[in-house]
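What follows is one structure encoded as structure tokens, with my remarks underneath.
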Amino acid sequence: MSTEPGPTEETEPEEAPTGEDASAATGQAAAESGAAETTGEAVTEAAGAETAEEAAEAADAETPEEPAAEAAGTEGEAAAQVSEAAAELAAQKVERERIARRKAEKQGPVESGAKLSGKAADLLAAVRAVESGAKPVAAVFSEPPAPRRPAPEPVPRPRPVSPAGPAAPAAEAVESVRAVLAEGGAPEALVPQVAAALGEGAAERLRADPWQLLRVGGVRPEQADGFARALLGAECGPDDERRGRAVTVWLLEQAAPAGHTALELPTLTAALGKQGVPDADAAVQSTLAEGEALVFQDALDPRAPEPEDEDEERPVRVLVGLERYALAEESLADGLARLINSAPKQDGSVEEWERAAGSAPASAGELIRAVAGHGLVLHTGGEASLAEPAALLHAAEQLGLRVWATAHGPLGRDRFAALASGATTVTTVGGLLSGAEGPGRDAEGALDLDLLLVVDAPQLDVETAALLVESLPDGARLVLAGDPGVLWSAGPGRVFADLLAARVCPQVASRRPDPGPLGELVSGIGIGELNQVEAPGKEVVIVPVRDAGEAVHRTVQLVADSVPRAIGVPAEDTQVITPGHGGAAGTRVLNAALKERLNPGPGRFGGFDPGDRVAYSPTPGRVLPGRVVKADAEGLHLSCAGEDVVVPKERVEQSVRHGWALTAHQAAAGRWPAVVVVLPGDATQALSRPWVYTAFGRASRHLSVVHGADQALPRAVAEIEAKPRTTRLPVLLAAQPTSG
């Protein structure tokens, strides 16, 4: 592929954060989903994580710019009807509580107190001994590990319930919090979030430890420091033990949207140093002692045999992580082992399965044979390969199995349903877990099915994957299907990639190539080659630009005029994709320009007008493309994938964006007839092979590339692979007894 070089800009892809008050007042949903955009450099630099912009786009949210709107982010939905998002979050909460009870059975709580003691002290001493070289690993970690408890026997699983929303804090508690925040100079907009985040006695907790303000999403350490100085005066200092603990937990929280489920100890201590913590080791010790984080030592090669020589050192890495993600990974590993080691329910004879496999195309037949005898199967391939899971779905239905398929979002759901000849047994992951879609639950609380197909498995984060696997009944089969070349999940973990690398179950690679010039281009990118392809039907067009301003102008021209006229794809079926939200050609600027051209209006309801294309984020990591229908006292009325959604006024700013332009993470689970990929010179650092593969692969008929990245594009495709994520799933899978 030939491109004309042009000068690049020196600006960073991310916009600088807005004022401290605006950032501090970030809504709770934006906090959970967009934390990485406010953490930025501290964790991602030290951890080798994804760039701050990638982490932010992965979370599909960012720090809003108006504190007043952010303040209302914790208001509940109307009691009359509970949204799918609320039901999904409730289901996740119920499942996490069950996982936490399992964890409590394995070990008692870490002794709390101002000083480290007990097992935590022993382990931290061992960690420092290893790092300093004073002792070999074999010596300090000689205590035999506690045997892993086998996967639990089936027990009644709690059904997800439709909540009425979290109980509102008492008026007196809210007033107490307001008084403390006012005394510390924090925005009043934070009052409901602080009351919700810190719970009963929030004011007392905040006064005793002002850095607890970091528990509120979007608040940065420097803002919490200012609040603490106002409350504590001369007693406030960077070496305060309370600050060290709060910043440690904050860094671990910020690592999650960048994909990490834990951080290596040296990475964490380095990040603490960058945040002005003078004694990082002591801060980690204190955090572990208070039970706010867990420490692990994992073999670098979990499948390597134990050293025969007692004095021989076995390489390990020491990790620190939040209990939330540790429990999710352990639960996921246990559940996967249960599927792998259990004989799947025998629905249909061997002859019937073989007959179904024999009548299917080659690789679809391989998939059917693998599923016949195994509880867990992985399927890989591009867009065209989805025909094979579709063939499996029909074959399983004919064999009498209760089979359901699920996709990350409504675009993937509808696309796969159409491919499967209009199958009605296709859901979204959120709808399946919440009970809004799918087969419902059986008497034990498990999903009432025999076979579950997940068709865009790379989008599964570790918590969602754990919830899905734990919800499957004994004897069920699970097929995880997807394209391993796309961007990984928007949340922590790399479940699909870890499973492919672990090789603990059958893997079926599709041999069905994506057709045409677009398929040829994307296939080449997948192996690190940016090829020039013949495109007689203008399937691929390169539009060189000199600067970001020209990139915005040409993008609007393509969407509004050139693509509809030359390709026959209307503007409403054309999706713009760009590396980030900020910058001179990010989603904010592009959406403003596209709105002005395609749907001008005063934006009377939070900047939106009827007819606007939007991206709605009901829960962290999920994006529903849609359109604005109307706005009234009830809220902003949207149509998302044919479903009516009402977003309350107080949640609009933190959960709804304009959607003519998306980031690649937001677009990863979708596909459109025409796509315009914008590569401005100020976003070259965000480019990688998975990013380009994902963005270019969203087009089914036509791809325009507005190219101002000079040689950064071919270099990214050839040299820059997926950024590493720190996860424990491979170690946990290796420790599980599996039948292979």
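Naming scheme: A, B, ... for chains in displayed order of the structure tokens; residues 1 onward per chain; ligands 1 onward as shown.
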If DSSP is run on the backbone, what residues of stretch 543-692 of chain A are alpha helix (DSSP H)? A reply as a JSON list (two decimals) with C-alpha atoms, in the first residue's frame would be ideal.
[["chain", "number", "residue", "atom", "x", "y", "z"],
["A", 548, "ALA", "CA", -4.97, 17.34, 11.61],
["A", 549, "GLY", "CA", -7.12, 20.21, 10.35],
["A", 550, "GLU", "CA", -7.06, 18.81, 6.84],
["A", 551, "ALA", "CA", -7.76, 15.34, 8.25],
["A", 552, "VAL", "CA", -10.96, 16.60, 9.89],
["A", 553, "HIS", "CA", -12.03, 18.42, 6.71],
["A", 554, "ARG", "CA", -11.44, 15.41, 4.47],
["A", 555, "THR", "CA", -13.17, 13.04, 6.91],
["A", 556, "VAL", "CA", -16.34, 15.13, 6.90],
["A", 557, "GLN", "CA", -16.18, 15.35, 3.12],
["A", 587, "THR", "CA", -13.44, 11.76, 18.56],
["A", 588, "ARG", "CA", -14.43, 15.05, 20.22],
["A", 589, "VAL", "CA", -13.30, 17.23, 17.33],
["A", 590, "LEU", "CA", -14.51, 14.85, 14.63],
["A", 591, "ASN", "CA", -17.92, 14.38, 16.23],
["A", 592, "ALA", "CA", -18.37, 18.14, 16.55],
["A", 593, "ALA", "CA", -17.50, 18.63, 12.87],
["A", 594, "LEU", "CA", -19.69, 15.74, 11.71],
["A", 595, "LYS", "CA", -22.65, 16.93, 13.78],
["A", 596, "GLU", "CA", -22.34, 20.40, 12.33],
["A", 597, "ARG", "CA", -22.48, 18.96, 8.81],
["A", 598, "LEU", "CA", -24.90, 16.04, 9.22],
["A", 649, "LYS", "CA", -30.65, 13.55, 32.66],
["A", 650, "GLU", "CA", -28.08, 13.24, 35.43],
["A", 651, "ARG", "CA", -26.34, 10.35, 33.66],
["A", 652, "VAL", "CA", -26.22, 11.76, 30.14],
["A", 653, "GLU", "CA", -22.88, 13.55, 30.35],
["A", 654, "GLN", "CA", -20.98, 10.59, 31.76],
["A", 655, "SER", "CA", -22.54, 7.80, 29.69],
["A", 664, "ALA", "CA", -11.04, 1.31, 17.82],
["A", 665, "HIS", "CA", -11.80, -0.21, 21.22],
["A", 666, "GLN", "CA", -15.34, 1.15, 21.06],
["A", 667, "ALA", "CA", -15.77, -0.17, 17.53],
["A", 689, "ARG", "CA", -0.67, -3.92, 14.73],
["A", 690, "PRO", "CA", -3.79, -4.94, 16.71],
["A", 691, "TRP", "CA", -5.11, -1.38, 16.53],
["A", 692, "VAL", "CA", -4.70, -1.17, 12.75]]
When distances are computed from only C-alpha atoms, which of A:Ser523, A:Thr406, A:Thr727, A:Gln297 shows the smallest separation from A:Pro492?
A:Thr727
If you run DSSP on the backbone here, which positions in stretch 470-555 of chain A get strand (DSSP E or B)? Please write them as number ranges by chain.
A: 477-482, 507-509, 540-544
What lies within 12 Å of A:Gly381 using only C-alpha atoms, ignoring chain neighbours under 2 positions off, as a ChimeraX atom specification?
/A:363-364,378-379,383-389,455-458,480-486,507-514,519,523,526
Please save N, CA and C atoms of the selected residues as a short mmCIF file (atom, residue, chain, number, x, y, z; two decimals), in the first residue's frame.
data_model
loop_
_atom_site.label_atom_id
_atom_site.label_comp_id
_atom_site.auth_asym_id
_atom_site.auth_seq_id
_atom_site.Cartn_x
_atom_site.Cartn_y
_atom_site.Cartn_z
N SER A 363 -13.75 -27.05 8.01
CA SER A 363 -13.38 -26.60 9.35
C SER A 363 -14.58 -26.51 10.27
N ALA A 364 -15.78 -26.31 9.72
CA ALA A 364 -16.99 -26.37 10.55
C ALA A 364 -17.18 -27.79 11.07
N LEU A 378 -11.91 -23.86 21.71
CA LEU A 378 -11.59 -22.53 21.19
C LEU A 378 -11.64 -22.56 19.67
N HIS A 379 -12.20 -21.51 19.08
CA HIS A 379 -12.30 -21.41 17.62
C HIS A 379 -11.75 -20.06 17.20
N GLU A 383 -13.64 -12.61 10.11
CA GLU A 383 -15.08 -12.39 10.01
C GLU A 383 -15.78 -13.53 9.29
N ALA A 384 -15.18 -14.01 8.20
CA ALA A 384 -15.83 -15.07 7.43
C ALA A 384 -15.96 -16.36 8.23
N SER A 385 -15.08 -16.55 9.21
CA SER A 385 -15.09 -17.80 9.97
C SER A 385 -16.31 -17.92 10.88
N LEU A 386 -17.07 -16.83 11.08
CA LEU A 386 -18.26 -16.91 11.91
C LEU A 386 -19.29 -17.87 11.33
N ALA A 387 -19.16 -18.20 10.05
CA ALA A 387 -20.07 -19.17 9.46
C ALA A 387 -19.93 -20.54 10.12
N GLU A 388 -18.77 -20.82 10.69
CA GLU A 388 -18.56 -22.13 11.30
C GLU A 388 -19.26 -22.26 12.65
N PRO A 389 -19.16 -21.28 13.58
CA PRO A 389 -20.02 -21.35 14.77
C PRO A 389 -21.50 -21.34 14.42
N VAL A 455 -19.18 -15.52 20.56
CA VAL A 455 -18.65 -15.33 19.21
C VAL A 455 -17.64 -14.20 19.07
N ASP A 456 -17.47 -13.35 20.05
CA ASP A 456 -16.35 -12.40 20.01
C ASP A 456 -15.61 -12.46 21.33
N ALA A 457 -15.07 -13.62 21.60
CA ALA A 457 -14.44 -13.93 22.88
C ALA A 457 -13.27 -13.03 23.24
N PRO A 458 -12.49 -12.48 22.28
CA PRO A 458 -11.40 -11.58 22.71
C PRO A 458 -11.88 -10.37 23.50
N LEU A 480 -15.57 -20.77 22.80
CA LEU A 480 -15.11 -19.38 22.72
C LEU A 480 -14.55 -19.16 21.32
N ALA A 481 -15.18 -18.28 20.57
CA ALA A 481 -14.79 -18.06 19.18
C ALA A 481 -14.43 -16.60 18.98
N GLY A 482 -13.44 -16.35 18.16
CA GLY A 482 -13.08 -14.96 17.89
C GLY A 482 -11.81 -14.84 17.08
N ASP A 483 -11.50 -13.62 16.74
CA ASP A 483 -10.32 -13.29 15.95
C ASP A 483 -9.20 -12.90 16.90
N PRO A 484 -8.15 -13.69 17.00
CA PRO A 484 -7.07 -13.38 17.96
C PRO A 484 -6.27 -12.15 17.60
N GLY A 485 -6.46 -11.59 16.39
CA GLY A 485 -5.69 -10.43 15.99
C GLY A 485 -6.27 -9.11 16.44
N VAL A 486 -7.52 -9.08 16.93
CA VAL A 486 -8.14 -7.81 17.30
C VAL A 486 -7.66 -7.35 18.67
N GLN A 507 -8.31 -26.64 20.02
CA GLN A 507 -8.38 -25.38 19.29
C GLN A 507 -8.61 -25.68 17.82
N VAL A 508 -9.60 -25.03 17.24
CA VAL A 508 -9.92 -25.23 15.83
C VAL A 508 -9.70 -23.90 15.12
N ALA A 509 -8.74 -23.88 14.20
CA ALA A 509 -8.44 -22.67 13.43
C ALA A 509 -9.17 -22.73 12.10
N SER A 510 -9.95 -21.72 11.83
CA SER A 510 -10.70 -21.69 10.57
C SER A 510 -9.76 -21.50 9.39
N ARG A 511 -10.09 -22.15 8.31
CA ARG A 511 -9.33 -21.97 7.07
C ARG A 511 -10.12 -21.14 6.07
N ARG A 512 -11.15 -20.48 6.54
CA ARG A 512 -12.01 -19.68 5.65
C ARG A 512 -11.47 -18.24 5.62
N PRO A 513 -10.88 -17.78 4.51
CA PRO A 513 -10.32 -16.43 4.47
C PRO A 513 -11.42 -15.38 4.26
N ASP A 514 -11.17 -14.18 4.76
CA ASP A 514 -12.07 -13.07 4.46
C ASP A 514 -11.89 -12.69 2.99
N GLY A 519 -10.40 -8.18 2.65
CA GLY A 519 -9.93 -9.38 3.33
C GLY A 519 -8.44 -9.59 3.14
N SER A 523 -5.84 -9.46 6.24
CA SER A 523 -5.07 -10.69 6.48
C SER A 523 -3.58 -10.40 6.49
N GLY A 526 -2.53 -8.82 9.70
CA GLY A 526 -2.47 -9.80 10.78
C GLY A 526 -1.13 -10.50 10.91
#
Which of A:Arg402, A:Arg622, A:His408, A:Arg415 sits closest to A:Pro439 [using only C-alpha atoms]:
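Looking at the shortest contact to A:Pro439, the residue is A:Arg402.
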